[in-house]
>>> print(open('final-v1.cif').read())   # mmCIF, C-alpha atoms
data_structure
#
loop_
_atom_site.label_atom_id
_atom_site.label_comp_id
_atom_site.auth_asym_id
_atom_site.auth_seq_id
_atom_site.Cartn_x
_atom_site.Cartn_y
_atom_site.Cartn_z
CA MET A 12 -5.31 6.92 -16.06
CA ALA A 13 -4.18 3.30 -16.12
CA ASP A 14 -6.70 0.60 -15.38
CA HIS A 15 -5.80 -0.43 -11.81
CA LYS A 16 -8.11 -3.35 -11.09
CA LEU A 17 -8.55 -4.51 -7.53
CA THR A 18 -8.12 -8.07 -6.27
CA ALA A 19 -10.91 -9.92 -4.43
CA ARG A 20 -9.02 -9.33 -1.16
CA GLN A 21 -8.88 -5.57 -1.83
CA TYR A 22 -12.63 -5.50 -2.55
CA GLY A 23 -13.05 -7.33 0.78
CA ILE A 24 -11.10 -4.58 2.57
CA LEU A 25 -13.27 -1.90 0.92
CA GLY A 26 -16.33 -3.87 2.08
CA LEU A 27 -14.95 -3.91 5.65
CA VAL A 28 -14.45 -0.11 5.51
CA ALA A 29 -18.01 0.32 4.24
CA ILE A 30 -19.69 -1.88 6.85
CA SER A 31 -17.60 -1.44 10.00
CA ALA A 32 -17.89 2.39 10.26
CA PRO A 33 -21.71 2.73 10.19
CA LEU A 34 -22.16 -0.43 12.28
CA GLY A 35 -19.61 0.82 14.83
CA ASP A 36 -21.42 4.18 15.03
CA ALA A 37 -24.76 2.38 15.45
CA PHE A 38 -23.39 0.22 18.29
CA LEU A 39 -21.87 3.28 20.03
CA SER A 40 -25.17 5.12 19.69
CA ARG A 41 -27.15 2.15 21.05
CA GLY A 42 -24.74 1.70 23.97
CA MET A 43 -24.66 5.39 24.91
CA ALA A 44 -28.46 5.73 24.64
CA LYS A 45 -28.91 2.92 27.18
CA LEU A 46 -26.76 4.74 29.77
CA PRO A 47 -28.08 7.47 32.06
CA ALA A 48 -27.14 11.06 31.08
CA ILE A 49 -23.43 11.69 31.67
CA SER A 50 -22.33 15.10 32.95
CA LEU A 51 -18.88 16.64 32.64
CA ALA A 52 -18.80 16.80 36.44
CA HIS A 53 -18.38 12.99 36.52
CA PRO A 54 -15.98 12.12 33.66
CA GLY A 55 -15.28 8.72 35.25
CA THR A 56 -18.69 7.48 34.11
CA LEU A 57 -17.64 8.21 30.50
CA ILE A 58 -14.62 5.92 30.93
CA ALA A 59 -16.83 3.26 32.53
CA ALA A 60 -19.12 3.51 29.47
CA VAL A 61 -16.22 2.25 27.29
CA PHE A 62 -16.43 -1.13 29.03
CA THR A 63 -20.16 -1.69 28.46
CA PRO A 64 -20.78 -4.42 25.81
CA TRP A 65 -22.36 -2.31 23.03
CA VAL A 66 -19.85 0.56 23.35
CA ALA A 67 -16.89 -1.86 23.52
CA LEU A 68 -18.15 -3.68 20.41
CA GLY A 69 -18.59 -0.31 18.66
CA ILE A 70 -15.01 0.68 19.50
CA VAL A 71 -13.66 -2.67 18.24
CA LEU A 72 -15.55 -2.14 14.95
CA LEU A 73 -14.23 1.43 14.62
CA ILE A 74 -10.64 0.26 15.23
CA GLY A 75 -11.21 -2.35 12.50
CA TYR A 76 -12.60 0.39 10.26
CA PHE A 77 -9.55 2.63 10.74
CA ALA A 78 -7.09 -0.22 10.08
CA SER A 79 -8.88 -1.28 6.88
CA TYR A 80 -9.32 2.36 5.79
CA LEU A 81 -5.55 2.98 6.14
CA THR A 82 -4.83 -0.22 4.22
CA ALA A 83 -7.20 0.86 1.41
CA LEU A 84 -5.55 4.30 1.21
CA SER A 85 -2.16 2.62 0.78
CA TRP A 86 -3.18 1.14 -2.63
CA ALA A 87 -6.08 3.33 -3.82
CA ASP A 88 -6.81 7.03 -4.27
CA LEU A 89 -8.73 8.96 -1.60
CA THR A 90 -11.21 10.05 -4.31
CA PHE A 91 -11.81 6.35 -5.08
CA VAL A 92 -12.02 5.03 -1.50
CA LEU A 93 -14.49 7.57 -0.12
CA PRO A 94 -17.31 7.18 -2.70
CA ALA A 95 -16.67 3.42 -3.05
CA THR A 96 -17.17 2.85 0.68
CA ALA A 97 -20.31 5.02 0.91
CA PHE A 98 -22.31 1.86 0.20
CA GLY A 99 -22.20 1.26 3.97
CA TYR A 100 -24.92 3.91 4.38
CA VAL A 101 -27.17 1.83 2.11
CA ILE A 102 -26.42 -1.40 3.97
CA VAL A 103 -27.30 0.19 7.32
CA ALA A 104 -30.54 1.69 5.92
CA LEU A 105 -31.55 -1.69 4.44
CA LEU A 106 -30.64 -3.51 7.68
CA ALA A 107 -32.72 -1.01 9.67
CA HIS A 108 -35.63 -1.58 7.26
CA PHE A 109 -35.60 -5.38 7.04
CA TRP A 110 -34.23 -6.20 10.50
CA LEU A 111 -35.60 -3.45 12.74
CA GLY A 112 -38.69 -2.64 10.65
CA ASP A 113 -37.79 1.05 10.13
CA ALA A 114 -39.85 2.78 7.44
CA ILE A 115 -37.94 4.04 4.38
CA SER A 116 -39.47 7.11 2.72
CA ILE A 117 -39.38 7.82 -1.03
CA GLU A 118 -36.55 10.35 -0.41
CA ARG A 119 -34.51 7.64 1.32
CA TRP A 120 -35.11 5.15 -1.51
CA ALA A 121 -33.96 7.89 -3.91
CA GLY A 122 -30.85 8.39 -1.75
CA ILE A 123 -30.15 4.61 -1.81
CA LEU A 124 -30.51 4.59 -5.61
CA LEU A 125 -28.15 7.59 -6.06
CA ILE A 126 -25.49 6.14 -3.72
CA THR A 127 -25.68 2.77 -5.50
CA MET A 128 -25.23 4.49 -8.88
CA GLY A 129 -22.30 6.56 -7.55
CA VAL A 130 -20.57 3.55 -5.98
CA GLY A 131 -21.15 1.40 -9.09
CA SER A 132 -19.71 4.14 -11.29
CA VAL A 133 -16.53 4.75 -9.27
CA ALA A 134 -15.93 1.05 -8.53
CA ASN A 135 -15.85 0.28 -12.26
CA GLY A 136 -13.09 2.82 -12.82
CA PRO A 137 -9.38 2.71 -12.00
CA SER A 138 -8.53 2.77 -8.29
CA LEU A 139 -5.17 4.54 -8.47
CA THR A 140 -3.76 7.51 -10.37
CA GLU A 141 -0.92 6.44 -12.63
CA ARG A 142 2.28 8.30 -11.72
CA PRO A 143 5.11 8.63 -14.24
CA ALA A 144 8.11 6.54 -13.21
CA PRO A 145 10.89 8.69 -11.73
CA VAL A 146 13.57 9.48 -14.30
CA ALA A 147 16.88 7.87 -13.33
CA ALA A 148 19.97 10.07 -13.09
CA PRO A 149 22.46 9.67 -16.01
CA GLU A 150 25.04 8.06 -13.68
CA GLU A 151 22.50 5.43 -12.60
CA LEU A 152 21.66 4.69 -16.25
CA GLU A 153 25.37 4.20 -17.03
CA VAL A 154 25.73 1.78 -14.11
CA GLU A 155 22.67 -0.15 -15.34
CA GLU A 156 24.13 -0.32 -18.87
CA GLU A 157 27.43 -1.60 -17.44
CA GLN A 158 25.54 -4.30 -15.54
CA VAL A 159 23.70 -5.34 -18.73
CA ARG A 160 27.03 -5.70 -20.59
CA MET B 9 -31.48 22.90 22.63
CA THR B 10 -31.84 26.39 21.15
CA ALA B 11 -31.07 26.42 17.44
CA PRO B 12 -28.12 28.64 16.47
CA GLY B 13 -28.49 31.29 13.75
CA PHE B 14 -27.77 30.59 10.08
CA TRP B 15 -24.14 31.81 10.07
CA PRO B 16 -23.10 30.10 13.35
CA ALA B 17 -24.62 26.85 12.02
CA CYS B 18 -22.70 27.28 8.73
CA ALA B 19 -19.49 27.98 10.69
CA MET B 20 -19.90 24.80 12.78
CA ILE B 21 -20.53 22.63 9.72
CA ALA B 22 -17.64 24.33 7.85
CA ALA B 23 -15.32 23.58 10.80
CA ILE B 24 -16.23 19.86 10.62
CA VAL B 25 -15.83 19.74 6.83
CA LEU B 26 -12.50 21.62 6.75
CA THR B 27 -10.84 19.70 9.60
CA SER B 28 -12.15 16.38 8.25
CA THR B 29 -10.92 17.12 4.70
CA THR B 30 -7.49 18.20 5.99
CA GLY B 31 -7.25 15.05 8.10
CA GLU B 32 -8.31 12.75 5.23
CA VAL B 33 -5.87 14.36 2.78
CA LEU B 34 -2.93 14.20 5.23
CA THR B 35 -3.73 10.57 6.11
CA ALA B 36 -4.02 9.64 2.42
CA ALA B 37 -0.69 11.40 1.68
CA ALA B 38 0.90 9.50 4.60
CA MET B 39 -0.35 6.13 3.36
CA LYS B 40 0.83 6.86 -0.20
CA SER B 41 4.29 7.77 1.11
CA ILE B 42 4.44 4.53 3.15
CA GLY B 43 3.40 2.28 0.24
CA ASP B 44 1.16 -0.78 -0.08
CA LEU B 45 0.52 -2.03 3.48
CA ASP B 46 -0.36 -5.53 2.22
CA GLU B 47 3.10 -5.81 0.62
CA ILE B 48 4.83 -4.40 3.73
CA ARG B 49 2.97 -6.91 5.91
CA ALA B 50 3.94 -9.78 3.60
CA ARG B 51 7.58 -8.67 3.75
CA ALA B 52 8.00 -7.48 7.35
CA GLY B 53 4.97 -8.90 9.18
CA MET B 54 2.26 -7.07 11.09
CA LYS B 55 4.82 -5.40 13.40
CA GLY B 56 6.66 -4.02 10.36
CA ALA B 57 3.41 -2.62 8.92
CA ILE B 58 2.47 -0.97 12.23
CA ARG B 59 6.00 0.45 12.57
CA ALA B 60 5.82 1.87 9.04
CA VAL B 61 2.59 3.69 9.91
CA ILE B 62 3.50 5.01 13.35
CA THR B 63 6.91 6.31 12.26
CA CYS B 64 5.32 8.56 9.60
CA PRO B 65 4.86 12.16 10.90
CA LEU B 66 2.24 12.92 8.21
CA PHE B 67 0.05 10.16 9.65
CA PHE B 68 -0.01 11.84 13.09
CA ALA B 69 -0.77 15.22 11.47
CA GLY B 70 -3.75 13.55 9.75
CA VAL B 71 -4.94 11.90 12.97
CA PHE B 72 -4.65 15.27 14.75
CA PHE B 73 -6.99 16.93 12.24
CA LEU B 74 -9.38 13.93 12.30
CA ALA B 75 -9.53 14.29 16.10
CA LEU B 76 -10.23 18.02 15.67
CA SER B 77 -13.02 17.08 13.28
CA PHE B 78 -14.47 14.65 15.82
CA PHE B 79 -14.54 17.32 18.55
CA SER B 80 -16.02 19.86 16.07
CA LEU B 81 -18.75 17.29 15.41
CA LEU B 82 -19.41 16.83 19.14
CA PHE B 83 -19.56 20.62 19.57
CA ALA B 84 -21.99 20.97 16.65
CA LEU B 85 -24.17 18.13 18.00
CA ASN B 86 -24.39 20.04 21.25
CA HIS B 87 -26.03 22.94 19.37
CA MET B 88 -27.80 21.30 16.41
CA ASN B 89 -29.73 18.15 15.59
CA LEU B 90 -27.98 15.06 14.27
CA SER B 91 -30.44 15.01 11.32
CA LEU B 92 -28.92 18.30 10.09
CA VAL B 93 -25.27 17.94 11.10
CA ALA B 94 -24.63 14.37 9.90
CA PRO B 95 -25.97 14.60 6.32
CA ALA B 96 -24.66 18.13 5.75
CA SER B 97 -21.12 17.37 6.94
CA ALA B 98 -20.91 13.87 5.38
CA SER B 99 -22.13 14.96 1.95
CA LEU B 100 -20.10 18.21 1.80
CA THR B 101 -16.95 16.34 2.87
CA LEU B 102 -17.23 14.08 -0.19
CA VAL B 103 -17.09 17.08 -2.53
CA THR B 104 -14.33 18.93 -0.64
CA ASN B 105 -12.27 15.71 -0.60
CA ALA B 106 -12.62 15.40 -4.38
CA VAL B 107 -11.38 19.00 -4.80
CA ALA B 108 -8.57 18.56 -2.24
CA GLY B 109 -7.58 15.18 -3.75
CA LYS B 110 -7.17 16.82 -7.14
CA ILE B 111 -5.26 19.88 -5.86
CA PHE B 112 -3.07 18.49 -3.07
CA LEU B 113 -2.73 14.76 -3.85
CA LYS B 114 -2.65 15.33 -7.64
CA GLU B 115 -5.17 12.51 -8.07
CA ASN B 116 -6.72 12.15 -11.50
CA VAL B 117 -10.30 13.12 -10.64
CA ASP B 118 -11.92 12.37 -13.98
CA ARG B 119 -15.58 12.88 -14.97
CA ARG B 120 -16.51 9.48 -13.54
CA ARG B 121 -15.15 10.38 -10.09
CA TRP B 122 -16.77 13.83 -10.08
CA ALA B 123 -20.10 12.24 -11.02
CA SER B 124 -19.72 9.59 -8.30
CA ALA B 125 -18.85 12.18 -5.64
CA VAL B 126 -21.86 14.31 -6.55
CA LEU B 127 -24.26 11.31 -6.76
CA VAL B 128 -23.09 9.93 -3.41
CA CYS B 129 -23.18 13.44 -1.88
CA ILE B 130 -26.85 13.98 -2.85
CA GLY B 131 -27.64 10.36 -1.96
CA VAL B 132 -26.17 10.64 1.56
CA TYR B 133 -28.11 13.88 2.11
CA LEU B 134 -31.40 12.28 1.03
CA LEU B 135 -30.75 9.10 2.99
CA ALA B 136 -29.74 10.75 6.27
CA HIS B 137 -32.03 13.80 6.21
#
>>> encode(input="final-v1.cif", output="structure tokens")
Amino acid sequence: MADHKLTARQYGILGLVAISAPLGDAFLSRGMAKLPAISLAHPGTLIAAVFTPWVALGIVLLIGYFASYLTALSWADLTFVLPATAFGYVIVALLAHFWLGDAISIERWAGILLITMGVGSVANGPSLTERPAPVAAPEELEVEEEQVR
Amino acid sequence: MTAPGFWPACAMIAAIVLTSTTGEVLTAAAMKSIGDLDEIRARAGMKGAIRAVITCPLFFAGVFFLALSFFSLLFALNHMNLSLVAPASASLTLVTNAVAGKIFLKENVDRRRWASAVLVCIGVYLLAH
């Protein structure tokens, strides 16, 4: 596997993928929890929920997540992107602890440690599987040789 | 909420994991076939990059399965607690994606990537449980 190193911009995109998905989910959850129970008999209230501030902000973050996730998949392997962006779970847990005062049990600290180790391990490796260059047809090679002469 | 039996619960989580893995693999294959989006955007602008994505049939196949996964998740959440569904589906999906990436996308899943997938899988389970 060749050593495909990422640029600072590409690390930034991976960071966006990691942070925007869990934050978007958290905003959606917060927005939906504030609303009264929605029944399938009144689907219009579900559409109205989209325009409440927390849910709208959550949707914007999730659109940003999907765009940056697609961009990351265009230059890195799926088996690199998924573990590398799992650090978002850790960021959300730490934010909940230091910002909202949520308690973190020993099991959760162990989870944070394991995710950090996993992310650190994969992020130090190559991001893309090296593919052999397609072999040119003999006619194409002859044309190239002609051009060189 | 009455808890479903063991096998129905397994079936619901399996449905999320399978549809999510299929969607991720198809989306990844679509993005690989399109090429580096940063380069396309530099060459053809944002419109060109969006056009490249939305004219790829594989991309829509991936989005279809990701939507199926989302509705499978909603269905499971209607029958089971989030504290069971979220960690189980998120951590299992990491492992199935590693297997599917190796088989279908021919990615070089070396020892480092296997170790990372397993560490993150256990970590997500511990963190979210």
>>> interface_residues(input="final-v1.cif", of="chain A", to="chain B", cutoff="7 Å", atoms="all atoms listed in the file", output="list in words")
Leu81, Thr82, Leu84, Ser85, Trp86, Asp88, Leu89, Thr90, Pro94, Glu118, Arg119, Gly122, Ile123, Leu125, Ile126, Gly129, Val130, Ser132, Val133 and Thr140 of chain A
>>> axis_aligned_box(input="final-v1.cif", around="stretch 15-18 of chain B", padding_each_side="4 Å", output="AutoDock Vina command-line options")
--center_x -23.7 --center_y 29.3 --center_z 11.0 --size_x 9.9 --size_y 13.0 --size_z 12.6
>>> resolve_selection(input="final-v1.cif", expression="the PyMOL selection byres ((chain A and resi 41) around 12)", output="PyMOL selection string")
chain A and resi 34-40+42-46+60+63-69
>>> write_last_selection(input="final-v1.cif", atoms="C-alpha atoms", output="PDB file, in the frame of the given file")
ATOM      1  CA  LEU A  34     -22.160  -0.430  12.280  1.00  0.00           C
ATOM      2  CA  GLY A  35     -19.610   0.820  14.830  1.00  0.00           C
ATOM      3  CA  ASP A  36     -21.420   4.180  15.030  1.00  0.00           C
ATOM      4  CA  ALA A  37     -24.760   2.380  15.450  1.00  0.00           C
ATOM      5  CA  PHE A  38     -23.390   0.220  18.290  1.00  0.00           C
ATOM      6  CA  LEU A  39     -21.870   3.280  20.030  1.00  0.00           C
ATOM      7  CA  SER A  40     -25.170   5.120  19.690  1.00  0.00           C
ATOM      8  CA  GLY A  42     -24.740   1.700  23.970  1.00  0.00           C
ATOM      9  CA  MET A  43     -24.660   5.390  24.910  1.00  0.00           C
ATOM     10  CA  ALA A  44     -28.460   5.730  24.640  1.00  0.00           C
ATOM     11  CA  LYS A  45     -28.910   2.920  27.180  1.00  0.00           C
ATOM     12  CA  LEU A  46     -26.760   4.740  29.770  1.00  0.00           C
ATOM     13  CA  ALA A  60     -19.120   3.510  29.470  1.00  0.00           C
ATOM     14  CA  THR A  63     -20.160  -1.690  28.460  1.00  0.00           C
ATOM     15  CA  PRO A  64     -20.780  -4.420  25.810  1.00  0.00           C
ATOM     16  CA  TRP A  65     -22.360  -2.310  23.030  1.00  0.00           C
ATOM     17  CA  VAL A  66     -19.850   0.560  23.350  1.00  0.00           C
ATOM     18  CA  ALA A  67     -16.890  -1.860  23.520  1.00  0.00           C
ATOM     19  CA  LEU A  68     -18.150  -3.680  20.410  1.00  0.00           C
ATOM     20  CA  GLY A  69     -18.590  -0.310  18.660  1.00  0.00           C
TER      21      GLY A  69
END
>>> residues_around(input="final-v1.cif", residues="B:Phe79", least_positions_apart="5", cutoff="9 Å", atoms="all atoms listed in the file", output="PyMOL selection string")
chain B and resi 24+74+84
>>> atom_distance(input="final-v1.cif", atom1="atom CA of A:Gln21", atom2="atom CA of B:Gly53")
18.0 Å
>>> residues_around(input="final-v1.cif", residues="A:Ile24", least_positions_apart="2", cutoff="10 Å", atoms="all atoms listed in the file", output="number ranges by chain")
A: 18-22, 26-30, 76, 78-80, 82-83, 96
>>> atom_distance(input="final-v1.cif", atom1="atom CA of A:Pro137", atom2="atom CA of B:Thr63")
29.4 Å
>>> atom_distance(input="final-v1.cif", atom1="atom CA of B:Ser80", atom2="atom CA of B:Gly13")
17.1 Å
>>> closest_residue(input="final-v1.cif", among="B:Val25, B:Ala19, B:Arg59, B:Thr30", to="B:Phe73", atoms="only C-alpha atoms")
B:Thr30
>>> resolve_selection(input="final-v1.cif", expression="the PyMOL selection byres ((chain B and resi 76) around 10)", output="PDB file with C-alpha atoms, in the coordinates of the input")
ATOM      1  CA  ALA B  23     -15.320  23.580  10.800  1.00  0.00           C
ATOM      2  CA  ILE B  24     -16.230  19.860  10.620  1.00  0.00           C
ATOM      3  CA  LEU B  26     -12.500  21.620   6.750  1.00  0.00           C
ATOM      4  CA  THR B  27     -10.840  19.700   9.600  1.00  0.00           C
ATOM      5  CA  SER B  28     -12.150  16.380   8.250  1.00  0.00           C
ATOM      6  CA  GLY B  31      -7.250  15.050   8.100  1.00  0.00           C
ATOM      7  CA  GLY B  70      -3.750  13.550   9.750  1.00  0.00           C
ATOM      8  CA  VAL B  71      -4.940  11.900  12.970  1.00  0.00           C
ATOM      9  CA  PHE B  72      -4.650  15.270  14.750  1.00  0.00           C
ATOM     10  CA  PHE B  73      -6.990  16.930  12.240  1.00  0.00           C
ATOM     11  CA  LEU B  74      -9.380  13.930  12.300  1.00  0.00           C
ATOM     12  CA  ALA B  75      -9.530  14.290  16.100  1.00  0.00           C
ATOM     13  CA  SER B  77     -13.020  17.080  13.280  1.00  0.00           C
ATOM     14  CA  PHE B  78     -14.470  14.650  15.820  1.00  0.00           C
ATOM     15  CA  PHE B  79     -14.540  17.320  18.550  1.00  0.00           C
ATOM     16  CA  SER B  80     -16.020  19.860  16.070  1.00  0.00           C
ATOM     17  CA  LEU B  81     -18.750  17.290  15.410  1.00  0.00           C
ATOM     18  CA  LEU B  82     -19.410  16.830  19.140  1.00  0.00           C
TER      19      LEU B  82
END
>>> decode(input="final-v1.cif", residues="stretch 71-153 of chain A", atoms="C-alpha atoms", output="JSON list (two decimals), in the first residue's frame")
[["chain", "number", "residue", "atom", "x", "y", "z"],
["A", 71, "VAL", "CA", -27.91, 22.25, 7.98],
["A", 72, "LEU", "CA", -25.18, 20.40, 9.92],
["A", 73, "LEU", "CA", -26.25, 17.02, 8.47],
["A", 74, "ILE", "CA", -26.22, 18.44, 4.91],
["A", 75, "GLY", "CA", -22.69, 19.73, 5.64],
["A", 76, "TYR", "CA", -21.79, 16.28, 6.98],
["A", 77, "PHE", "CA", -23.01, 14.50, 3.83],
["A", 78, "ALA", "CA", -21.19, 16.91, 1.50],
["A", 79, "SER", "CA", -17.89, 16.57, 3.39],
["A", 80, "TYR", "CA", -18.35, 12.79, 3.72],
["A", 81, "LEU", "CA", -18.79, 12.45, -0.08],
["A", 82, "THR", "CA", -15.73, 14.64, -0.63],
["A", 83, "ALA", "CA", -13.67, 12.46, 1.75],
["A", 84, "LEU", "CA", -14.80, 9.28, -0.02],
["A", 85, "SER", "CA", -13.62, 10.73, -3.34],
["A", 86, "TRP", "CA", -9.94, 10.71, -2.19],
["A", 87, "ALA", "CA", -9.82, 8.15, 0.65],
["A", 88, "ASP", "CA", -10.90, 4.55, 1.24],
["A", 89, "LEU", "CA", -14.18, 3.80, 3.04],
["A", 90, "THR", "CA", -12.22, 1.66, 5.53],
["A", 91, "PHE", "CA", -10.06, 4.73, 6.28],
["A", 92, "VAL", "CA", -12.83, 7.36, 6.47],
["A", 93, "LEU", "CA", -15.19, 5.52, 8.82],
["A", 94, "PRO", "CA", -12.76, 4.77, 11.70],
["A", 95, "ALA", "CA", -10.92, 8.10, 11.21],
["A", 96, "THR", "CA", -14.13, 10.09, 11.65],
["A", 97, "ALA", "CA", -15.32, 8.12, 14.70],
["A", 98, "PHE", "CA", -13.47, 10.67, 16.84],
["A", 99, "GLY", "CA", -16.69, 12.73, 16.66],
["A", 100, "TYR", "CA", -18.22, 10.39, 19.27],
["A", 101, "VAL", "CA", -15.38, 11.33, 21.65],
["A", 102, "ILE", "CA", -15.78, 15.07, 20.98],
["A", 103, "VAL", "CA", -19.51, 14.91, 21.73],
["A", 104, "ALA", "CA", -18.94, 12.90, 24.94],
["A", 105, "LEU", "CA", -16.27, 15.38, 26.11],
["A", 106, "LEU", "CA", -18.49, 18.36, 25.20],
["A", 107, "ALA", "CA", -21.37, 16.81, 27.14],
["A", 108, "HIS", "CA", -19.04, 16.30, 30.12],
["A", 109, "PHE", "CA", -17.32, 19.70, 30.24],
["A", 110, "TRP", "CA", -20.12, 21.86, 28.82],
["A", 111, "LEU", "CA", -23.32, 20.19, 30.04],
["A", 112, "GLY", "CA", -21.83, 18.55, 33.14],
["A", 113, "ASP", "CA", -22.79, 14.97, 32.12],
["A", 114, "ALA", "CA", -21.09, 12.26, 34.17],
["A", 115, "ILE", "CA", -18.71, 9.93, 32.28],
["A", 116, "SER", "CA", -18.46, 6.42, 33.73],
["A", 117, "ILE", "CA", -15.30, 4.28, 33.69],
["A", 118, "GLU", "CA", -16.78, 2.28, 30.76],
["A", 119, "ARG", "CA", -17.22, 5.51, 28.78],
["A", 120, "TRP", "CA", -13.66, 6.65, 29.53],
["A", 121, "ALA", "CA", -12.51, 3.20, 28.34],
["A", 122, "GLY", "CA", -14.57, 3.69, 25.16],
["A", 123, "ILE", "CA", -13.00, 7.15, 24.61],
["A", 124, "LEU", "CA", -9.52, 5.64, 25.04],
["A", 125, "LEU", "CA", -10.21, 2.78, 22.58],
["A", 126, "ILE", "CA", -11.69, 5.10, 19.93],
["A", 127, "THR", "CA", -8.73, 7.48, 20.29],
["A", 128, "MET", "CA", -6.30, 4.57, 19.84],
["A", 129, "GLY", "CA", -8.24, 3.28, 16.81],
["A", 130, "VAL", "CA", -8.42, 6.71, 15.16],
["A", 131, "GLY", "CA", -4.74, 7.42, 15.88],
["A", 132, "SER", "CA", -3.76, 4.07, 14.39],
["A", 133, "VAL", "CA", -5.74, 4.41, 11.15],
["A", 134, "ALA", "CA", -4.93, 8.11, 10.67],
["A", 135, "ASN", "CA", -1.20, 7.32, 10.70],
["A", 136, "GLY", "CA", -1.61, 4.84, 7.86],
["A", 137, "PRO", "CA", -2.18, 5.37, 4.15],
["A", 138, "SER", "CA", -5.59, 6.81, 3.21],
["A", 139, "LEU", "CA", -6.01, 5.21, -0.21],
["A", 140, "THR", "CA", -5.40, 1.77, -1.68],
["A", 141, "GLU", "CA", -2.80, 1.92, -4.44],
["A", 142, "ARG", "CA", -4.26, 0.66, -7.73],
["A", 143, "PRO", "CA", -1.99, -0.58, -10.51],
["A", 144, "ALA", "CA", -2.00, 1.83, -13.45],
["A", 145, "PRO", "CA", -4.12, 0.52, -16.34],
["A", 146, "VAL", "CA", -1.98, -1.16, -18.99],
["A", 147, "ALA", "CA", -2.12, 0.79, -22.26],
["A", 148, "ALA", "CA", -3.10, -1.05, -25.44],
["A", 149, "PRO", "CA", -0.18, -1.78, -27.85],
["A", 150, "GLU", "CA", -1.59, 0.69, -30.41],
["A", 151, "GLU", "CA", -1.62, 3.46, -27.80],
["A", 152, "LEU", "CA", 1.99, 2.66, -26.85],
["A", 153, "GLU", "CA", 3.02, 2.90, -30.52]]
